[in-house]
Amino acid sequence: SQQGEEDPQALSIQEGENATMNCSYKTSINNLQWYRQNSGRGLVHLILIRSNEREKHSGRLRVTLDTSKKSSSLLITASRAADTASYFCATDAGSSGSEKLVFGKGTKLTVNP
Amino acid sequence: NAGVMQNPRHLVRRRGQEARLRCSPMKGHSHVYWYRQLPEEGLKFMVYLQKENIIDESGMPKERFSAEFPKEGPSILRIQQVVRGDSAAYFCASSRTRPSGEQFFGPGTRLTVL
């Protein structure tokens, strides 16, 4: 079964607007991470939220985690054209001995100038 | 402080040839992970290694794929007798210790099989 499914699959907004992306997962986790990937590039780590945390901020990013619903959201405030990228959530396996991250298919965000 | 290094960035192989992908983790990181990304997809875990040990290879295809992380030198992902379906972006990530959680990714190697 797939962990970390993001929605929407694609999102198009105007510069200055807020962008919200959601992620759902299936099994228990130790932490959840959000990454950004510009087209044809590697992944940039944005933020990590642990299972005992409910909300975390970093600059214009706000991440929430609801372990009872097995879901997380990423909010980008006051978006800029440079925020155009694909955004992925990734969860760890939740069991000891394995450090692998399980990624969703991502949300493709387009910020129009 | 250099990040995770991968080379080559682009690799073209003909069917049946071997592909060797290299990954140098960040300084001080002893955990290396390999992921594969198909177009328009998320990353899929392949293998997790520490120095000289394979910890979790549950995502590795049973045949033709192997990985190592020797005591000295970079981690190597080796694909023998490549097929067209192996065309993908291969990303390496590293982390300092367990359970740090945070994995730092390299720029990836884009493999094209003709």
# chains A, B, ... in the order shown; residues from 1 in each chain; ligands from 1
call {"tool": "interface_residues", "arguments": {"of": "chain B", "to": "chain A", "cutoff": "7 Å", "atoms": "only C-alpha atoms", "output": "list in words"}}
result
Glu41, Gly42, Leu43, Lys44, Phe45, Tyr48, Asp56, Phe104, Phe105, Gly106, Pro107 and Gly108 of chain B
call {"tool": "write_last_selection", "arguments": {"atoms": "N, CA, C and O atoms", "output": "PDB file, in the first residue's frame"}}
result
ATOM      1  N   GLU B  41       6.447  10.671 -11.293  1.00  0.00           N
ATOM      2  CA  GLU B  41       6.195   9.833 -10.117  1.00  0.00           C
ATOM      3  C   GLU B  41       6.989  10.351  -8.927  1.00  0.00           C
ATOM      4  O   GLU B  41       7.901  11.167  -9.078  1.00  0.00           O
ATOM      5  N   GLY B  42       6.638   9.852  -7.747  1.00  0.00           N
ATOM      6  CA  GLY B  42       7.454  10.137  -6.579  1.00  0.00           C
ATOM      7  C   GLY B  42       8.654   9.204  -6.539  1.00  0.00           C
ATOM      8  O   GLY B  42       8.825   8.345  -7.395  1.00  0.00           O
ATOM      9  N   LEU B  43       9.487   9.382  -5.551  1.00  0.00           N
ATOM     10  CA  LEU B  43      10.668   8.536  -5.415  1.00  0.00           C
ATOM     11  C   LEU B  43      10.291   7.208  -4.762  1.00  0.00           C
ATOM     12  O   LEU B  43       9.481   7.157  -3.851  1.00  0.00           O
ATOM     13  N   LYS B  44      10.942   6.157  -5.233  1.00  0.00           N
ATOM     14  CA  LYS B  44      10.714   4.820  -4.658  1.00  0.00           C
ATOM     15  C   LYS B  44      12.021   4.342  -4.032  1.00  0.00           C
ATOM     16  O   LYS B  44      13.071   4.327  -4.682  1.00  0.00           O
ATOM     17  N   PHE B  45      11.950   3.941  -2.792  1.00  0.00           N
ATOM     18  CA  PHE B  45      13.122   3.460  -2.064  1.00  0.00           C
ATOM     19  C   PHE B  45      13.689   2.205  -2.715  1.00  0.00           C
ATOM     20  O   PHE B  45      12.947   1.320  -3.149  1.00  0.00           O
ATOM     21  N   TYR B  48      19.175   0.787   1.516  1.00  0.00           N
ATOM     22  CA  TYR B  48      19.757   1.600   2.596  1.00  0.00           C
ATOM     23  C   TYR B  48      21.043   0.911   3.045  1.00  0.00           C
ATOM     24  O   TYR B  48      21.046  -0.283   3.350  1.00  0.00           O
ATOM     25  N   ASP B  56      18.947  -2.507   4.437  1.00  0.00           N
ATOM     26  CA  ASP B  56      17.593  -2.779   3.945  1.00  0.00           C
ATOM     27  C   ASP B  56      17.634  -2.693   2.424  1.00  0.00           C
ATOM     28  O   ASP B  56      17.907  -1.628   1.888  1.00  0.00           O
ATOM     29  N   PHE B 104      19.363  14.083   3.261  1.00  0.00           N
ATOM     30  CA  PHE B 104      19.783  15.109   2.316  1.00  0.00           C
ATOM     31  C   PHE B 104      20.045  14.451   0.971  1.00  0.00           C
ATOM     32  O   PHE B 104      20.802  13.487   0.893  1.00  0.00           O
ATOM     33  N   PHE B 105      19.448  15.000  -0.058  1.00  0.00           N
ATOM     34  CA  PHE B 105      19.489  14.364  -1.367  1.00  0.00           C
ATOM     35  C   PHE B 105      20.532  14.988  -2.285  1.00  0.00           C
ATOM     36  O   PHE B 105      20.783  16.202  -2.248  1.00  0.00           O
ATOM     37  N   GLY B 106      21.094  14.147  -3.128  1.00  0.00           N
ATOM     38  CA  GLY B 106      21.972  14.610  -4.189  1.00  0.00           C
ATOM     39  C   GLY B 106      21.163  15.051  -5.390  1.00  0.00           C
ATOM     40  O   GLY B 106      19.931  14.910  -5.407  1.00  0.00           O
ATOM     41  N   PRO B 107      21.841  15.545  -6.430  1.00  0.00           N
ATOM     42  CA  PRO B 107      21.151  16.069  -7.613  1.00  0.00           C
ATOM     43  C   PRO B 107      20.605  14.987  -8.531  1.00  0.00           C
ATOM     44  O   PRO B 107      19.832  15.277  -9.433  1.00  0.00           O
ATOM     45  N   GLY B 108      21.013  13.740  -8.291  1.00  0.00           N
ATOM     46  CA  GLY B 108      20.482  12.649  -9.099  1.00  0.00           C
ATOM     47  C   GLY B 108      21.328  12.323 -10.316  1.00  0.00           C
ATOM     48  O   GLY B 108      22.103  13.154 -10.805  1.00  0.00           O
TER      49      GLY B 108
END
call {"tool": "atom_distance", "arguments": {"atom1": "atom CA of Asn7 of chain B", "atom2": "atom CA of Leu111 of chain B"}}
result
11.0 Å
call {"tool": "closest_residue", "arguments": {"among": "B:Thr112, B:Thr97, B:Ser75, B:Gln103", "to": "Gly28 of chain B", "atoms": "only C-alpha atoms"}}
result
B:Thr97
